[in-house]
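Contents: one structure, followed by commentary.
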Protein chains: 2
Amino acid sequence: MTNDNEASPPLDAGETIETTLAFRPRFGPDGLIPAIVTDLKTGDVLMFAHMNADALTSTLATGLAHFWSRSRAKLWKKGEESGNLLKVREVRTDCDQDVIWLAVEIEGHGVACHTGARSCFYRRVIGSGVKSGETSLEIAALPQIKAPD
Amino acid sequence: MTNDNEASPPLDAGETIETTLAFRPRFGPDGLIPAIVTDLKTGDVLMFAHMNADALTSTLATGLAHFWSRSRAKLWKKGEESGNLLKVREVRTDCDQDVIWLAVEIEGHGVACHTGARSCFYRRVIGSGVKSGETSLEIAALPQIKAPD
């Protein structure tokens, strides 16, 4: 399945993409929709990837996060080799339905990043410019946001 | 300023984009980098947008979130008209430096979405298919993730 927006039934009269309760994911011209992945318990952003319609379908059908690997040009079941599967606990979309947010629990070793870090976002930007020498990165622990016990 | 990756000094020997502490944001062929915005205190995803190099520069220089409005094709200081400015408390980048994560506090009325919702992600996907009738949306409160007191 590719971009099926054209085949989706129209919204009801008076509805907009912002107000409808119909799920009408809007894939881009490349057939992809961006997906933000956060940790269900802590709210930390773990990773960011893209889904095509097949990946979104597989994610909803299996409860495990699937993406479209742009570098390998294939469906990508996250953690299939490493065991670090992402169990999807909640799926959201945004006001204009062109972004997906997955709240997940990580299986296996609790690692979401290919570097071995729990989150891909292990570096903080410091400094106030973007020219070389004005801004750099530092390794940072994830924010201290914790779910209530 | 547009995509200045070409002008950036090379990484040091033995460094990779994943290991360097040099900030080398990788803008796409369209000159844009995706930006995820979360609430500093709760971890909720508030919105998702894109930055060009000017928007990233302005964000770092002012501490207020700036994006590139693709629909209006102009620099967009978030909240400039509504007063719902986004005060940037932390900026992160991911392993391959092609995504930006901003942790923010919302000024004004505490609203990040143009619909008036606090977060753009006010609808949860329910159901397990993506064909019409198998999957729909429901209005959902933000997850109960709270910062420690």
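If you're wondering about the labels, chains in the structure tokens are A, B, ... by order shown, residues count from 1 in each chain, ligands from 1 in order shown.
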| task | Give me, as a list of chain:residue names, the contact residues of chain B against chain A at a cut-off of 6 Å, counting only C-alpha atoms. | result |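 Residues passing the distance filter: B:Leu21, B:Ala22, B:Phe23, B:Gly43, B:Thr57, B:Leu60, B:Ala61, B:Val91, B:Arg92, B:Thr93, B:Asp94, B:Cys95, B:Cys120, B:Phe121, B:Arg123, B:Arg124, B:Val125, B:Ser128, B:Val130, B:Ser136, B:Leu137, B:Ile145, B:Lys146, B:Ala147.
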| said: Could you go through segment 2-144 of chain A and tell me which residues DSSP, when run on the backbone, assigns to strand (DSSP E), listing them as a PyMOL selection string? | reply: chain A and resi 33-39+45-51+66-69+74-77+86-93+100-106+123-126+136-139
| task | Please measure the separation of atom CA of Leu32 of chain A and atom CA of Trp68 of chain A, giving the value in Å to one decimal. | result | 7.9 Å
| message | Just list as a list in words whatever in chain B DSSP marks as alpha helix (DSSP H). | response |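 Filtering chain B to alpha helix (DSSP H) leaves Ala53, Asp54, Ala55, Leu56, Thr57, Ser58, Thr59, Leu60, Ala61 and Thr62 of chain B.
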Given the selection you just returned, output its residues as a file containing N, CA, C and O atoms, formatted as a PDB file, in the first residue's frame.
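New file again-v4.pdb:
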ATOM      1  N   ALA B  53      18.445  27.028   8.296  1.00  0.00           N
ATOM      2  CA  ALA B  53      19.600  27.455   9.090  1.00  0.00           C
ATOM      3  C   ALA B  53      19.320  28.778   9.795  1.00  0.00           C
ATOM      4  O   ALA B  53      19.736  28.982  10.945  1.00  0.00           O
ATOM      5  N   ASP B  54      18.580  29.675   9.138  1.00  0.00           N
ATOM      6  CA  ASP B  54      18.230  30.942   9.783  1.00  0.00           C
ATOM      7  C   ASP B  54      17.376  30.709  11.028  1.00  0.00           C
ATOM      8  O   ASP B  54      17.564  31.371  12.054  1.00  0.00           O
ATOM      9  N   ALA B  55      16.422  29.820  10.918  1.00  0.00           N
ATOM     10  CA  ALA B  55      15.538  29.544  12.056  1.00  0.00           C
ATOM     11  C   ALA B  55      16.328  28.939  13.216  1.00  0.00           C
ATOM     12  O   ALA B  55      16.123  29.301  14.382  1.00  0.00           O
ATOM     13  N   LEU B  56      17.248  28.048  12.894  1.00  0.00           N
ATOM     14  CA  LEU B  56      18.070  27.444  13.950  1.00  0.00           C
ATOM     15  C   LEU B  56      18.972  28.497  14.590  1.00  0.00           C
ATOM     16  O   LEU B  56      19.104  28.570  15.819  1.00  0.00           O
ATOM     17  N   THR B  57      19.564  29.335  13.758  1.00  0.00           N
ATOM     18  CA  THR B  57      20.415  30.409  14.270  1.00  0.00           C
ATOM     19  C   THR B  57      19.619  31.336  15.184  1.00  0.00           C
ATOM     20  O   THR B  57      20.063  31.688  16.283  1.00  0.00           O
ATOM     21  N   SER B  58      18.424  31.736  14.730  1.00  0.00           N
ATOM     22  CA  SER B  58      17.602  32.651  15.524  1.00  0.00           C
ATOM     23  C   SER B  58      17.166  31.999  16.839  1.00  0.00           C
ATOM     24  O   SER B  58      17.103  32.655  17.879  1.00  0.00           O
ATOM     25  N   THR B  59      16.881  30.714  16.793  1.00  0.00           N
ATOM     26  CA  THR B  59      16.471  29.989  17.997  1.00  0.00           C
ATOM     27  C   THR B  59      17.604  29.984  19.018  1.00  0.00           C
ATOM     28  O   THR B  59      17.395  30.289  20.203  1.00  0.00           O
ATOM     29  N   LEU B  60      18.796  29.666  18.553  1.00  0.00           N
ATOM     30  CA  LEU B  60      19.937  29.600  19.478  1.00  0.00           C
ATOM     31  C   LEU B  60      20.312  30.993  19.988  1.00  0.00           C
ATOM     32  O   LEU B  60      20.692  31.153  21.147  1.00  0.00           O
ATOM     33  N   ALA B  61      20.181  31.983  19.134  1.00  0.00           N
ATOM     34  CA  ALA B  61      20.609  33.331  19.516  1.00  0.00           C
ATOM     35  C   ALA B  61      19.629  34.004  20.479  1.00  0.00           C
ATOM     36  O   ALA B  61      20.029  34.777  21.347  1.00  0.00           O
ATOM     37  N   THR B  62      18.334  33.712  20.327  1.00  0.00           N
ATOM     38  CA  THR B  62      17.316  34.416  21.122  1.00  0.00           C
ATOM     39  C   THR B  62      16.727  33.571  22.247  1.00  0.00           C
ATOM     40  O   THR B  62      16.085  34.115  23.156  1.00  0.00           O
TER      41      THR B  62
END
| field | Contacts of Gly79 of chain A at 10 Å (only C-alpha atoms; same-chain gap of 5+ positions) as a ChimeraX atom specification | value | /A:64-66,84-86,106-108,111-114
Would you save the residues of that selection, restricted to all heavy atoms, as a compact mmCIF listing (two decimals), in the first residue's frame?
# COMPACT_ATOMS: atom_id res chain seq x y z
N LEU A 64 4.07 -3.38 17.36
CA LEU A 64 5.53 -3.19 17.37
C LEU A 64 5.88 -2.14 16.32
O LEU A 64 5.34 -2.17 15.20
CB LEU A 64 6.26 -4.50 17.06
CG LEU A 64 6.06 -5.61 18.10
CD1 LEU A 64 6.68 -6.91 17.58
CD2 LEU A 64 6.70 -5.22 19.44
N ALA A 65 6.78 -1.23 16.66
CA ALA A 65 7.09 -0.13 15.75
C ALA A 65 7.79 -0.61 14.49
O ALA A 65 8.79 -1.34 14.57
CB ALA A 65 7.94 0.92 16.46
N HIS A 66 7.26 -0.23 13.36
CA HIS A 66 7.87 -0.47 12.06
C HIS A 66 8.08 0.88 11.38
O HIS A 66 7.24 1.78 11.50
CB HIS A 66 6.97 -1.31 11.16
CG HIS A 66 6.81 -2.73 11.59
ND1 HIS A 66 6.17 -3.11 12.76
CD2 HIS A 66 7.20 -3.89 11.00
CE1 HIS A 66 6.19 -4.44 12.86
NE2 HIS A 66 6.80 -4.93 11.81
N ASN A 84 15.82 -5.22 20.57
CA ASN A 84 15.29 -3.99 21.18
C ASN A 84 14.02 -3.53 20.44
O ASN A 84 13.97 -2.44 19.86
CB ASN A 84 16.36 -2.89 21.18
CG ASN A 84 17.53 -3.22 22.07
OD1 ASN A 84 17.35 -3.59 23.23
ND2 ASN A 84 18.73 -3.12 21.53
N LEU A 85 13.03 -4.38 20.48
CA LEU A 85 11.75 -4.05 19.85
C LEU A 85 11.08 -2.90 20.60
O LEU A 85 11.29 -2.73 21.80
CB LEU A 85 10.84 -5.29 19.88
CG LEU A 85 11.36 -6.52 19.14
CD1 LEU A 85 10.62 -7.77 19.60
CD2 LEU A 85 11.22 -6.34 17.63
N LEU A 86 10.29 -2.15 19.88
CA LEU A 86 9.56 -1.05 20.51
C LEU A 86 8.09 -1.44 20.61
O LEU A 86 7.39 -1.51 19.60
CB LEU A 86 9.72 0.24 19.69
CG LEU A 86 11.15 0.74 19.49
CD1 LEU A 86 11.14 2.03 18.67
CD2 LEU A 86 11.86 0.94 20.82
N ILE A 106 10.60 -0.06 25.51
CA ILE A 106 11.66 -0.74 24.76
C ILE A 106 11.88 -2.13 25.34
O ILE A 106 12.06 -2.28 26.55
CB ILE A 106 13.00 0.02 24.81
CG1 ILE A 106 12.81 1.52 24.58
CG2 ILE A 106 13.98 -0.57 23.80
CD1 ILE A 106 14.12 2.31 24.73
N GLU A 107 11.86 -3.12 24.49
CA GLU A 107 12.17 -4.49 24.91
C GLU A 107 13.69 -4.69 24.91
O GLU A 107 14.45 -3.77 24.60
CB GLU A 107 11.56 -5.48 23.90
CG GLU A 107 10.06 -5.43 23.83
CD GLU A 107 9.43 -6.25 24.94
OE1 GLU A 107 9.33 -7.47 24.78
OE2 GLU A 107 9.05 -5.65 25.97
N GLY A 108 14.10 -5.90 25.21
CA GLY A 108 15.51 -6.27 25.11
C GLY A 108 16.38 -5.51 26.09
O GLY A 108 16.14 -5.51 27.30
N VAL A 111 17.46 -0.23 24.62
CA VAL A 111 18.26 0.66 23.78
C VAL A 111 17.48 0.98 22.51
O VAL A 111 17.02 0.08 21.81
CB VAL A 111 19.60 -0.01 23.42
CG1 VAL A 111 20.30 0.72 22.28
CG2 VAL A 111 20.50 -0.08 24.65
N ALA A 112 17.36 2.27 22.19
CA ALA A 112 16.65 2.65 20.97
C ALA A 112 17.59 3.10 19.85
O ALA A 112 17.21 3.12 18.70
CB ALA A 112 15.63 3.75 21.26
N CYS A 113 18.80 3.48 20.20
CA CYS A 113 19.72 4.06 19.20
C CYS A 113 20.73 3.03 18.72
O CYS A 113 21.20 2.20 19.50
CB CYS A 113 20.45 5.26 19.82
SG CYS A 113 21.55 6.12 18.65
N HIS A 114 21.10 3.13 17.46
CA HIS A 114 22.06 2.18 16.89
C HIS A 114 23.45 2.32 17.50
O HIS A 114 24.29 1.44 17.36
CB HIS A 114 22.13 2.34 15.37
CG HIS A 114 22.93 3.53 14.92
ND1 HIS A 114 22.47 4.82 15.01
CD2 HIS A 114 24.17 3.62 14.40
CE1 HIS A 114 23.39 5.65 14.53
NE2 HIS A 114 24.43 4.95 14.16
| field | Test item: residues at most 12 Å from Arg70 of chain A, only C-alpha atoms, excluding those fewer than 5 positions along its chain, as an NGL selection string | value | :A and (30-34 or 49-52 or 75-76)
Could you take the residues named above and write them with N, CA, C and O atoms, as a PDB file, in the first residue's frame?
ATOM      1  N   ASP A  30       6.712  11.820  -0.981  1.00  0.00           N
ATOM      2  CA  ASP A  30       7.583  10.638  -1.023  1.00  0.00           C
ATOM      3  C   ASP A  30       6.906   9.414  -0.404  1.00  0.00           C
ATOM      4  O   ASP A  30       7.537   8.370  -0.252  1.00  0.00           O
ATOM      5  N   GLY A  31       5.626   9.548  -0.029  1.00  0.00           N
ATOM      6  CA  GLY A  31       4.915   8.419   0.559  1.00  0.00           C
ATOM      7  C   GLY A  31       5.225   8.187   2.027  1.00  0.00           C
ATOM      8  O   GLY A  31       4.838   7.170   2.592  1.00  0.00           O
ATOM      9  N   LEU A  32       5.911   9.136   2.662  1.00  0.00           N
ATOM     10  CA  LEU A  32       6.354   8.952   4.044  1.00  0.00           C
ATOM     11  C   LEU A  32       5.714   9.962   4.985  1.00  0.00           C
ATOM     12  O   LEU A  32       5.367  11.081   4.595  1.00  0.00           O
ATOM     13  N   ILE A  33       5.582   9.540   6.236  1.00  0.00           N
ATOM     14  CA  ILE A  33       5.105  10.419   7.297  1.00  0.00           C
ATOM     15  C   ILE A  33       6.131  10.344   8.429  1.00  0.00           C
ATOM     16  O   ILE A  33       6.628   9.256   8.745  1.00  0.00           O
ATOM     17  N   PRO A  34       6.515  11.481   9.011  1.00  0.00           N
ATOM     18  CA  PRO A  34       7.499  11.442  10.102  1.00  0.00           C
ATOM     19  C   PRO A  34       6.890  10.839  11.366  1.00  0.00           C
ATOM     20  O   PRO A  34       5.696  11.023  11.637  1.00  0.00           O
ATOM     21  N   ALA A  49      11.967   8.768  13.036  1.00  0.00           N
ATOM     22  CA  ALA A  49      12.115   8.018  11.787  1.00  0.00           C
ATOM     23  C   ALA A  49      10.923   8.318  10.895  1.00  0.00           C
ATOM     24  O   ALA A  49      10.132   9.223  11.185  1.00  0.00           O
ATOM     25  N   HIS A  50      10.827   7.598   9.815  1.00  0.00           N
ATOM     26  CA  HIS A  50       9.722   7.798   8.874  1.00  0.00           C
ATOM     27  C   HIS A  50       8.978   6.492   8.657  1.00  0.00           C
ATOM     28  O   HIS A  50       9.550   5.407   8.749  1.00  0.00           O
ATOM     29  N   MET A  51       7.715   6.614   8.349  1.00  0.00           N
ATOM     30  CA  MET A  51       6.875   5.460   8.031  1.00  0.00           C
ATOM     31  C   MET A  51       6.272   5.647   6.653  1.00  0.00           C
ATOM     32  O   MET A  51       5.857   6.757   6.307  1.00  0.00           O
ATOM     33  N   ASN A  52       6.201   4.557   5.903  1.00  0.00           N
ATOM     34  CA  ASN A  52       5.300   4.562   4.752  1.00  0.00           C
ATOM     35  C   ASN A  52       3.991   3.903   5.210  1.00  0.00           C
ATOM     36  O   ASN A  52       3.847   3.538   6.385  1.00  0.00           O
ATOM     37  N   LEU A  75      11.168  -1.935   4.372  1.00  0.00           N
ATOM     38  CA  LEU A  75      10.429  -1.933   5.628  1.00  0.00           C
ATOM     39  C   LEU A  75      11.374  -2.362   6.747  1.00  0.00           C
ATOM     40  O   LEU A  75      12.178  -3.280   6.568  1.00  0.00           O
ATOM     41  N   TRP A  76      11.256  -1.702   7.889  1.00  0.00           N
ATOM     42  CA  TRP A  76      12.223  -1.886   8.967  1.00  0.00           C
ATOM     43  C   TRP A  76      11.459  -2.138  10.262  1.00  0.00           C
ATOM     44  O   TRP A  76      10.828  -1.231  10.786  1.00  0.00           O
TER      45      TRP A  76
END
